[in-house]
file run-v2.cif (mmCIF, C-alpha atoms)
data_input
loop_
_atom_site.group_PDB
_atom_site.id
_atom_site.type_symbol
_atom_site.label_atom_id
_atom_site.label_comp_id
_atom_site.auth_asym_id
_atom_site.auth_seq_id
_atom_site.Cartn_x
_atom_site.Cartn_y
_atom_site.Cartn_z
ATOM 1 C CA MET A 1 20.203 93.260 -81.783
ATOM 2 C CA ASN A 2 17.580 94.240 -79.211
ATOM 3 C CA LEU A 3 17.922 93.906 -75.441
ATOM 4 C CA LYS A 4 16.111 90.576 -75.395
ATOM 5 C CA ASP A 5 18.583 89.073 -77.879
ATOM 6 C CA ALA A 6 21.475 90.714 -76.020
ATOM 7 C CA PHE A 7 20.531 88.875 -72.843
ATOM 8 C CA ARG A 8 20.271 85.639 -74.822
ATOM 9 C CA ALA A 9 23.745 86.310 -76.243
ATOM 10 C CA GLN A 10 25.033 86.976 -72.729
ATOM 11 C CA ASN A 11 23.698 83.614 -71.547
ATOM 12 C CA LYS A 12 25.219 81.887 -74.586
ATOM 13 C CA LEU A 13 28.651 83.361 -73.852
ATOM 14 C CA ILE A 14 28.380 82.266 -70.221
ATOM 15 C CA SER A 15 27.428 78.751 -71.336
ATOM 16 C CA VAL A 16 30.321 78.279 -73.782
ATOM 17 C CA MET A 17 32.801 79.705 -71.264
ATOM 18 C CA ASN A 18 31.585 77.254 -68.641
ATOM 19 C CA GLU A 19 32.033 74.314 -71.003
ATOM 20 C CA ALA A 20 35.514 75.455 -72.006
ATOM 21 C CA SER A 21 36.440 75.945 -68.343
ATOM 22 C CA TYR A 22 35.407 72.374 -67.551
ATOM 23 C CA LEU A 23 37.941 71.141 -70.119
ATOM 24 C CA LEU A 24 40.751 72.985 -68.319
ATOM 25 C CA GLN A 25 39.652 71.794 -64.886
ATOM 26 C CA ASP A 26 39.918 68.108 -65.801
ATOM 27 C CA ASP A 27 43.411 66.838 -64.970
ATOM 28 C CA GLY A 28 42.877 64.043 -67.459
ATOM 29 C CA ASN A 29 43.089 66.662 -70.197
ATOM 30 C CA LEU A 30 45.964 68.594 -68.630
ATOM 31 C CA LEU A 31 48.329 65.719 -67.921
ATOM 32 C CA LYS A 32 49.685 63.016 -70.198
ATOM 33 C CA VAL A 33 49.892 59.760 -68.289
ATOM 34 C CA LYS A 34 52.394 57.219 -69.622
ATOM 35 C CA THR A 35 52.978 53.874 -67.891
ATOM 36 C CA THR A 36 55.983 51.647 -68.597
ATOM 37 C CA HIS A 37 55.533 47.976 -67.745
ATOM 38 C CA LEU A 38 59.014 46.927 -66.614
ATOM 39 C CA ARG A 39 58.798 43.361 -67.847
ATOM 40 C CA SER A 40 62.575 43.107 -68.367
ATOM 41 C CA LYS A 41 63.094 43.283 -64.622
ATOM 42 C CA VAL A 42 61.193 40.049 -64.210
ATOM 43 C CA MET A 43 62.172 38.357 -67.445
ATOM 44 C CA PRO A 44 65.478 39.624 -68.928
ATOM 45 C CA ASP A 45 64.462 38.494 -72.414
ATOM 46 C CA ALA A 46 61.154 40.392 -72.318
ATOM 47 C CA GLN A 47 60.729 43.876 -73.729
ATOM 48 C CA ASP A 48 59.250 46.695 -71.665
ATOM 49 C CA ALA A 49 55.803 47.864 -72.820
ATOM 50 C CA VAL A 50 54.564 51.449 -72.741
ATOM 51 C CA THR A 51 50.915 52.448 -72.541
ATOM 52 C CA GLU A 52 49.454 55.947 -72.587
ATOM 53 C CA GLU A 53 46.090 56.819 -71.065
ATOM 54 C CA ALA A 54 43.605 58.397 -73.440
ATOM 55 C CA ALA A 55 42.468 61.906 -72.526
ATOM 56 C CA PRO A 56 38.767 62.304 -71.738
ATOM 57 C CA SER A 57 38.333 65.075 -74.310
ATOM 58 C CA GLU A 58 39.263 65.432 -77.973
ATOM 59 C CA TYR A 59 40.481 68.951 -77.143
ATOM 60 C CA ALA A 60 43.260 67.717 -74.840
ATOM 61 C CA GLY A 61 45.751 68.417 -77.634
ATOM 62 C CA HIS A 62 44.517 72.009 -78.010
ATOM 63 C CA LEU A 63 44.669 73.304 -74.451
ATOM 64 C CA ASN A 64 46.472 76.502 -75.363
ATOM 65 C CA GLU A 65 43.779 77.231 -77.922
ATOM 66 C CA VAL A 66 41.059 76.497 -75.360
ATOM 67 C CA ALA A 67 42.702 78.955 -72.938
ATOM 68 C CA ALA A 68 42.875 81.559 -75.714
ATOM 69 C CA PHE A 69 39.229 80.844 -76.517
ATOM 70 C CA LEU A 70 38.273 81.599 -72.917
ATOM 71 C CA MET A 71 40.125 84.910 -73.052
ATOM 72 C CA SER A 72 38.390 85.751 -76.326
ATOM 73 C CA MET A 73 34.946 84.929 -74.904
ATOM 74 C CA LEU A 74 35.688 87.027 -71.827
ATOM 75 C CA ALA A 75 36.506 89.951 -74.103
ATOM 76 C CA GLU A 76 33.195 89.408 -75.891
ATOM 77 C CA ARG A 77 31.338 89.437 -72.592
ATOM 78 C CA GLU A 78 33.051 92.699 -71.647
ATOM 79 C CA LYS A 79 32.039 94.246 -74.989
ATOM 80 C CA LEU A 80 28.485 93.007 -74.653
ATOM 81 C CA SER A 81 28.171 94.210 -71.048
ATOM 82 C CA ALA A 82 29.328 97.676 -72.095
ATOM 83 C CA ALA A 83 26.853 97.698 -74.999
ATOM 84 C CA ILE A 84 23.986 96.623 -72.725
ATOM 85 C CA TYR A 85 24.907 99.291 -70.184
ATOM 86 C CA ALA A 86 24.944 101.945 -72.923
ATOM 87 C CA ALA A 87 21.549 100.780 -74.219
ATOM 88 C CA LYS A 88 20.002 100.743 -70.732
ATOM 89 C CA SER A 89 21.187 104.292 -70.091
ATOM 90 C CA LYS A 90 18.804 105.452 -72.847
ATOM 91 C CA LEU A 91 15.756 103.745 -71.309
ATOM 92 C CA PRO A 92 12.931 105.823 -69.801
ATOM 93 C CA MET A 93 13.072 103.589 -66.688
ATOM 94 C CA ASP A 94 15.598 101.850 -64.456
ATOM 95 C CA MET A 95 14.820 98.411 -65.846
ATOM 96 C CA ASP A 96 16.952 96.395 -63.424
ATOM 97 C CA SER A 97 15.334 98.031 -60.407
ATOM 98 C CA GLU A 98 11.854 97.659 -61.866
ATOM 99 C CA VAL A 99 12.410 93.955 -62.556
ATOM 100 C CA GLY A 100 13.342 93.463 -58.896
ATOM 101 C CA LEU A 101 10.445 95.596 -57.666
ATOM 102 C CA ASN A 102 8.014 93.694 -59.867
ATOM 103 C CA ARG A 103 9.041 90.428 -58.235
ATOM 104 C CA VAL A 104 8.248 92.015 -54.865
ATOM 105 C CA ARG A 105 4.874 93.278 -56.130
ATOM 106 C CA GLN A 106 3.945 89.837 -57.446
ATOM 107 C CA THR A 107 4.995 88.152 -54.191
ATOM 108 C CA LEU A 108 2.976 90.584 -52.078
ATOM 109 C CA SER A 109 -0.023 90.171 -54.346
ATOM 110 C CA ARG A 110 0.099 86.392 -53.820
ATOM 111 C CA VAL A 111 0.288 86.893 -50.047
ATOM 112 C CA PHE A 112 -2.735 89.209 -50.122
ATOM 113 C CA ARG A 113 -4.724 86.864 -52.389
ATOM 114 C CA HIS A 114 -4.125 84.075 -49.890
ATOM 115 C CA MET A 115 -5.427 86.312 -47.100
ATOM 116 C CA THR A 116 -8.611 87.161 -49.013
ATOM 117 C CA SER A 117 -9.253 83.483 -49.743
ATOM 118 C CA LEU A 118 -9.801 82.821 -46.017
ATOM 119 C CA ARG A 119 -13.338 82.815 -44.599
ATOM 120 C CA ASN A 120 -14.964 82.831 -41.178
ATOM 121 C CA SER A 121 -15.933 79.323 -40.126
ATOM 122 C CA GLU A 122 -17.444 77.363 -37.277
ATOM 123 C CA THR A 123 -16.760 73.661 -36.744
ATOM 124 C CA VAL A 124 -17.974 71.200 -34.120
ATOM 125 C CA ILE A 125 -15.300 68.634 -33.265
ATOM 126 C CA SER A 126 -16.787 65.462 -31.822
ATOM 127 C CA GLY A 127 -14.879 64.480 -28.688
ATOM 128 C CA GLY A 128 -12.429 67.301 -29.244
ATOM 129 C CA GLY A 129 -12.895 68.939 -25.852
ATOM 130 C CA THR A 130 -12.062 67.896 -22.297
ATOM 131 C CA GLY A 131 -13.428 68.610 -18.846
ATOM 132 C CA TYR A 132 -12.778 67.565 -15.241
ATOM 133 C CA ARG A 133 -15.058 65.987 -12.642
ATOM 134 C CA PHE A 134 -14.835 64.047 -9.412
ATOM 135 C CA ASN A 135 -15.656 60.359 -9.489
ATOM 136 C CA SER A 136 -17.408 58.379 -6.759
ATOM 137 C CA ASP A 137 -14.089 57.940 -4.975
ATOM 138 C CA GLY A 138 -13.546 61.679 -4.815
ATOM 139 C CA ASN A 139 -10.733 61.665 -7.383
ATOM 140 C CA GLN A 140 -10.566 64.241 -10.156
ATOM 141 C CA VAL A 141 -10.775 62.646 -13.616
ATOM 142 C CA THR A 142 -11.043 63.973 -17.128
ATOM 143 C CA TYR A 143 -13.857 63.404 -19.554
ATOM 144 C CA LEU A 144 -14.373 64.132 -23.252
ATOM 145 C CA CYS A 145 -16.932 66.450 -24.778
ATOM 146 C CA ASP A 146 -17.595 68.087 -28.128
ATOM 147 C CA ALA A 147 -15.696 71.294 -28.973
ATOM 148 C CA LYS A 148 -16.812 74.190 -31.147
ATOM 149 C CA ARG A 149 -13.969 75.866 -33.050
ATOM 150 C CA VAL A 150 -14.669 79.311 -34.479
ATOM 151 C CA LYS A 151 -12.297 80.951 -36.953
ATOM 152 C CA THR A 152 -12.695 84.690 -37.601
ATOM 153 C CA ILE A 153 -10.605 86.751 -40.005
ATOM 154 C CA ASN A 154 -8.535 89.335 -38.187
ATOM 155 C CA PHE A 155 -8.186 91.940 -40.955
ATOM 156 C CA ASP A 156 -10.206 94.077 -43.369
ATOM 157 C CA ARG A 157 -10.697 91.809 -46.377
ATOM 158 C CA ASN A 158 -11.841 94.625 -48.660
ATOM 159 C CA LYS A 159 -8.733 96.711 -47.976
ATOM 160 C CA VAL A 160 -6.434 93.744 -48.548
ATOM 161 C CA ARG A 161 -8.304 92.803 -51.730
ATOM 162 C CA GLY A 162 -7.877 96.356 -52.992
ATOM 163 C CA MET A 163 -4.144 96.305 -52.277
ATOM 164 C CA SER A 164 -3.776 92.976 -54.085
ATOM 165 C CA ALA A 165 -5.623 94.313 -57.131
ATOM 166 C CA GLU A 166 -3.472 97.486 -57.199
ATOM 167 C CA LEU A 167 -0.262 95.453 -56.949
ATOM 168 C CA SER A 168 -1.359 93.163 -59.800
ATOM 169 C CA ARG A 169 -2.302 96.153 -61.949
ATOM 170 C CA LYS A 170 1.044 97.856 -61.317
ATOM 171 C CA ALA A 171 2.983 94.620 -61.917
ATOM 172 C CA ASP A 172 1.207 94.001 -65.229
ATOM 173 C CA GLU A 173 1.770 97.595 -66.334
ATOM 174 C CA THR A 174 5.472 97.427 -65.453
ATOM 175 C CA SER A 175 5.869 94.029 -67.159
ATOM 176 C CA THR A 176 4.457 95.521 -70.369
ATOM 177 C CA GLN A 177 6.919 98.434 -70.175
ATOM 178 C CA ILE A 178 9.824 96.046 -69.553
ATOM 179 C CA ASP A 179 8.788 93.881 -72.522
ATOM 180 C CA GLN A 180 8.687 96.977 -74.737
ATOM 181 C CA CYS A 181 12.191 97.925 -73.595
ATOM 182 C CA LEU A 182 13.491 94.431 -74.321
ATOM 183 C CA VAL A 183 12.107 94.462 -77.854
ATOM 184 C CA ASN A 184 12.499 98.092 -78.924
ATOM 185 C CA VAL A 185 15.889 99.128 -77.504
ATOM 186 C CA THR A 186 18.881 98.467 -79.769
ATOM 187 C CA VAL A 187 22.162 97.076 -78.395
ATOM 188 C CA ASP A 188 25.247 97.852 -80.495
ATOM 189 C CA TYR A 189 26.803 94.385 -80.471
ATOM 190 C CA GLU A 190 27.228 91.433 -82.825
ATOM 191 C CA LEU A 191 27.870 87.922 -81.532
ATOM 192 C CA PRO A 192 30.949 86.362 -83.235
ATOM 193 C CA PHE A 193 29.046 83.126 -83.904
ATOM 194 C CA ASP A 194 25.486 82.008 -84.478
ATOM 195 C CA MET A 195 23.318 81.878 -81.372
ATOM 196 C CA ASN A 196 22.228 78.331 -82.223
ATOM 197 C CA ASP A 197 25.732 76.934 -82.837
ATOM 198 C CA SER A 198 26.821 74.128 -80.517
ATOM 199 C CA PHE A 199 29.816 74.475 -78.207
ATOM 200 C CA ASP A 200 31.812 72.016 -80.339
ATOM 201 C CA ASP A 201 31.096 74.005 -83.513
ATOM 202 C CA ILE A 202 32.108 77.283 -81.862
ATOM 203 C CA LEU A 203 35.322 75.983 -80.314
ATOM 204 C CA THR A 204 36.360 73.955 -83.376
ATOM 205 C CA ASP A 205 35.844 76.958 -85.627
ATOM 206 C CA PHE A 206 37.939 79.088 -83.265
ATOM 207 C CA ILE A 207 40.780 76.530 -83.260
ATOM 208 C CA GLU A 208 40.689 76.092 -87.050
ATOM 209 C CA LYS A 209 40.902 79.829 -87.611
ATOM 210 C CA GLY A 210 43.900 79.983 -85.286
ATOM 211 C CA GLN A 211 42.517 82.972 -83.413
#

call {"tool": "encode", "arguments": {"input": "run-v2.cif", "output": "structure tokens"}}
result
Amino acid sequence: MNLKDAFRAQNKLISVMNEASYLLQDDGNLLKVKTTHLRSKVMPDAQDAVTEEAAPSEYAGHLNEVAAFLMSMLAEREKLSAAIYAAKSKLPMDMDSEVGLNRVRQTLSRVFRHMTSLRNSETVISGGGTGYRFNSDGNQVTYLCDAKRVKTINFDRNKVRGMSAELSRKADETSTQIDQCLVNVTVDYELPFDMNDSFDDILTDFIEKGQ
């Protein structure tokens, strides 16, 4: 499989392990609960009745197999991780670092694009200003007046626009290289089940085979 499929397989293994773990974290599956209704204590002629609570999962009777399944899936993840590491070591680039750097490039480019979208402006705000004067009694009072608000960019738009364009170019170029790595690099690993199989199909097959 290629790197892209290897990462999909990695996510699939994580998903099935999570679902199996949930089964073993539910006490309803781990404990059998039996209740005896002591009717004979109240009525000597009555027979005691026993009820047993149903487990929330159909796999409650296969907990040892579920635990073994988790160990098996962990082993698969270890094999796959080693195979991915070996495949990445043959790449002409440090893909993990470049993926992280590309996120930074794209974030900075968005910041710079926002900066270049700003424009100088001048606005008159009716009644938005205040002043002070003395009234006929000699007291200082405030009064309203119009206000002119001027906004002026405080940076070199052309330089910032150029940096944004360079970041976008570099990010696109790196994304193309990463995509080529994902598709063209072979990972020496085979998933023990079909990628599209459901969790129930995978676990049931494991239990039936007695692995």

call {"tool": "residues_around", "arguments": {"input": "run-v2.cif", "residues": "region 114-125 of chain A", "least_positions_apart": "2", "cutoff": "8 Å", "atoms": "all atoms listed in the file", "output": "ChimeraX atom specification"}}
result
/A:110-112,127-129,146-153,157,160-161

call {"tool": "residues_around", "arguments": {"input": "run-v2.cif", "residues": "Asn196 (chain A)", "least_positions_apart": "5", "cutoff": "10 Å", "atoms": "all atoms listed in the file", "output": "JSON list (two decimals) with C-alpha atoms, in the frame of the given file"}}
result
[["chain", "number", "residue", "atom", "x", "y", "z"],
["A", 12, "LYS", "CA", 25.22, 81.89, -74.59],
["A", 201, "ASP", "CA", 31.10, 74.00, -83.51],
["A", 202, "ILE", "CA", 32.11, 77.28, -81.86]]

call {"tool": "resolve_selection", "arguments": {"input": "run-v2.cif", "expression": "the PyMOL selection byres ((chain A and resi 207) around 12)", "output": "list in words"}}
result
Tyr59, Gly61, His62, Leu63, Asn64, Glu65, Val66, Ala67, Ala68, Phe69, Leu70, Ser72, Asp200, Asp201, Ile202, Leu203, Thr204, Asp205, Phe206, Glu208, Lys209, Gly210 and Gln211 of chain A

call {"tool": "atom_distance", "arguments": {"input": "run-v2.cif", "atom1": "CA of Ala6 (chain A)", "atom2": "CA of Asn102 (chain A)"}}
result
21.2 Å

call {"tool": "closest_residue", "arguments": {"input": "run-v2.cif", "among": "A:Pro44, A:Ala49, A:Val33, A:Met93", "to": "Gln180 (chain A)", "atoms": "all atoms listed in the file"}}
result
A:Met93

call {"tool": "closest_residue", "arguments": {"input": "run-v2.cif", "among": "A:Leu167, A:Ala55, A:Ile14, A:Ala46", "to": "Ala75 (chain A)", "atoms": "all atoms listed in the file"}}
result
A:Ile14

call {"tool": "resolve_selection", "arguments": {"input": "run-v2.cif", "expression": "the PyMOL selection byres ((chain A and resi 181) around 10)", "output": "number ranges by chain"}}
result
A: 2-4, 87-88, 91-93, 95, 175-180, 182-186

call {"tool": "write_last_selection", "arguments": {"input": "run-v2.cif", "atoms": "C-alpha atoms", "output": "PDB file, keeping the file's coordinate frame"}}
result
ATOM      1  CA  ASN A   2      17.580  94.240 -79.211  1.00  0.00           C
ATOM      2  CA  LEU A   3      17.922  93.906 -75.441  1.00  0.00           C
ATOM      3  CA  LYS A   4      16.111  90.576 -75.395  1.00  0.00           C
ATOM      4  CA  ALA A  87      21.549 100.780 -74.219  1.00  0.00           C
ATOM      5  CA  LYS A  88      20.002 100.743 -70.732  1.00  0.00           C
ATOM      6  CA  LEU A  91      15.756 103.745 -71.309  1.00  0.00           C
ATOM      7  CA  PRO A  92      12.931 105.823 -69.801  1.00  0.00           C
ATOM      8  CA  MET A  93      13.072 103.589 -66.688  1.00  0.00           C
ATOM      9  CA  MET A  95      14.820  98.411 -65.846  1.00  0.00           C
ATOM     10  CA  SER A 175       5.869  94.029 -67.159  1.00  0.00           C
ATOM     11  CA  THR A 176       4.457  95.521 -70.369  1.00  0.00           C
ATOM     12  CA  GLN A 177       6.919  98.434 -70.175  1.00  0.00           C
ATOM     13  CA  ILE A 178       9.824  96.046 -69.553  1.00  0.00           C
ATOM     14  CA  ASP A 179       8.788  93.881 -72.522  1.00  0.00           C
ATOM     15  CA  GLN A 180       8.687  96.977 -74.737  1.00  0.00           C
ATOM     16  CA  LEU A 182      13.491  94.431 -74.321  1.00  0.00           C
ATOM     17  CA  VAL A 183      12.107  94.462 -77.854  1.00  0.00           C
ATOM     18  CA  ASN A 184      12.499  98.092 -78.924  1.00  0.00           C
ATOM     19  CA  VAL A 185      15.889  99.128 -77.504  1.00  0.00           C
ATOM     20  CA  THR A 186      18.881  98.467 -79.769  1.00  0.00           C
TER      21      THR A 186
END

call {"tool": "atom_distance", "arguments": {"input": "run-v2.cif", "atom1": "CA of Asp156 (chain A)", "atom2": "CA of Lys170 (chain A)"}}
result
21.5 Å

call {"tool": "atom_distance", "arguments": {"input": "run-v2.cif", "atom1": "CA of Thr36 (chain A)", "atom2": "CA of Asp48 (chain A)"}}
result
6.7 Å

call {"tool": "closest_residue", "arguments": {"input": "run-v2.cif", "among": "A:Ala165, A:Gln10, A:Asp5, A:Ser15", "to": "Ser198 (chain A)", "atoms": "all atoms listed in the file"}}
result
A:Ser15

call {"tool": "resolve_selection", "arguments": {"input": "run-v2.cif", "expression": "the PyMOL selection byres ((chain A and resi 191) around 9)", "output": "list of chain:residue names"}}
result
A:Ala6, A:Ala9, A:Leu13, A:Glu76, A:Leu80, A:Tyr189, A:Glu190, A:Pro192, A:Phe193, A:Asp194, A:Met195

call {"tool": "decode", "arguments": {"input": "run-v2.cif", "residues": "region 20-39 of chain A", "atoms": "N, CA and C atoms", "output": "tab-separated table (two decimals), in the first residue's frame"}}
result
chain	number	residue	atom	x	y	z
A	20	ALA	N	-13.36	-1.61	20.76
A	20	ALA	CA	-13.14	-2.79	21.60
A	20	ALA	C	-12.86	-2.37	23.05
A	21	SER	N	-12.13	-1.27	23.21
A	21	SER	CA	-11.82	-0.79	24.57
A	21	SER	C	-13.09	-0.40	25.31
A	22	TYR	N	-14.03	0.22	24.58
A	22	TYR	CA	-15.29	0.63	25.22
A	22	TYR	C	-16.02	-0.58	25.81
A	23	LEU	N	-15.94	-1.72	25.12
A	23	LEU	CA	-16.60	-2.93	25.61
A	23	LEU	C	-16.03	-3.35	26.96
A	24	LEU	N	-14.72	-3.19	27.12
A	24	LEU	CA	-14.05	-3.63	28.35
A	24	LEU	C	-14.08	-2.57	29.44
A	25	GLN	N	-14.59	-1.40	29.12
A	25	GLN	CA	-14.71	-0.34	30.13
A	25	GLN	C	-16.14	-0.24	30.68
A	26	ASP	N	-17.03	-1.05	30.15
A	26	ASP	CA	-18.42	-1.05	30.60
A	26	ASP	C	-18.61	-2.17	31.62
A	27	ASP	N	-18.83	-1.80	32.88
A	27	ASP	CA	-18.98	-2.80	33.93
A	27	ASP	C	-20.15	-3.74	33.66
A	28	GLY	N	-21.12	-3.28	32.90
A	28	GLY	CA	-22.25	-4.13	32.57
A	28	GLY	C	-21.83	-5.35	31.78
A	29	ASN	N	-20.74	-5.22	31.02
A	29	ASN	CA	-20.20	-6.36	30.28
A	29	ASN	C	-19.30	-7.22	31.15
A	30	LEU	N	-18.62	-6.59	32.10
A	30	LEU	CA	-17.60	-7.28	32.90
A	30	LEU	C	-18.18	-8.07	34.06
A	31	LEU	N	-19.34	-7.66	34.54
A	31	LEU	CA	-19.91	-8.28	35.73
A	31	LEU	C	-21.26	-8.91	35.43
A	32	LYS	N	-21.44	-10.14	35.90
A	32	LYS	CA	-22.77	-10.76	35.83
A	32	LYS	C	-23.54	-10.37	37.09
A	33	VAL	N	-24.72	-9.85	36.89
A	33	VAL	CA	-25.53	-9.40	38.02
A	33	VAL	C	-26.75	-10.32	38.15
A	34	LYS	N	-26.78	-11.05	39.27
A	34	LYS	CA	-27.88	-11.99	39.52
A	34	LYS	C	-28.60	-11.55	40.79
A	35	THR	N	-29.91	-11.44	40.74
A	35	THR	CA	-30.71	-11.01	41.88
A	35	THR	C	-31.67	-12.13	42.28
A	36	THR	N	-31.64	-12.49	43.56
A	36	THR	CA	-32.56	-13.51	44.08
A	36	THR	C	-33.66	-12.83	44.89
A	37	HIS	N	-34.87	-13.01	44.49
A	37	HIS	CA	-36.03	-12.44	45.20
A	37	HIS	C	-36.43	-13.44	46.31
A	38	LEU	N	-36.13	-13.07	47.53
A	38	LEU	CA	-36.31	-13.98	48.67
A	38	LEU	C	-37.77	-14.01	49.12
A	39	ARG	N	-38.61	-14.54	48.28
A	39	ARG	CA	-40.04	-14.58	48.56
A	39	ARG	C	-40.37	-15.51	49.73
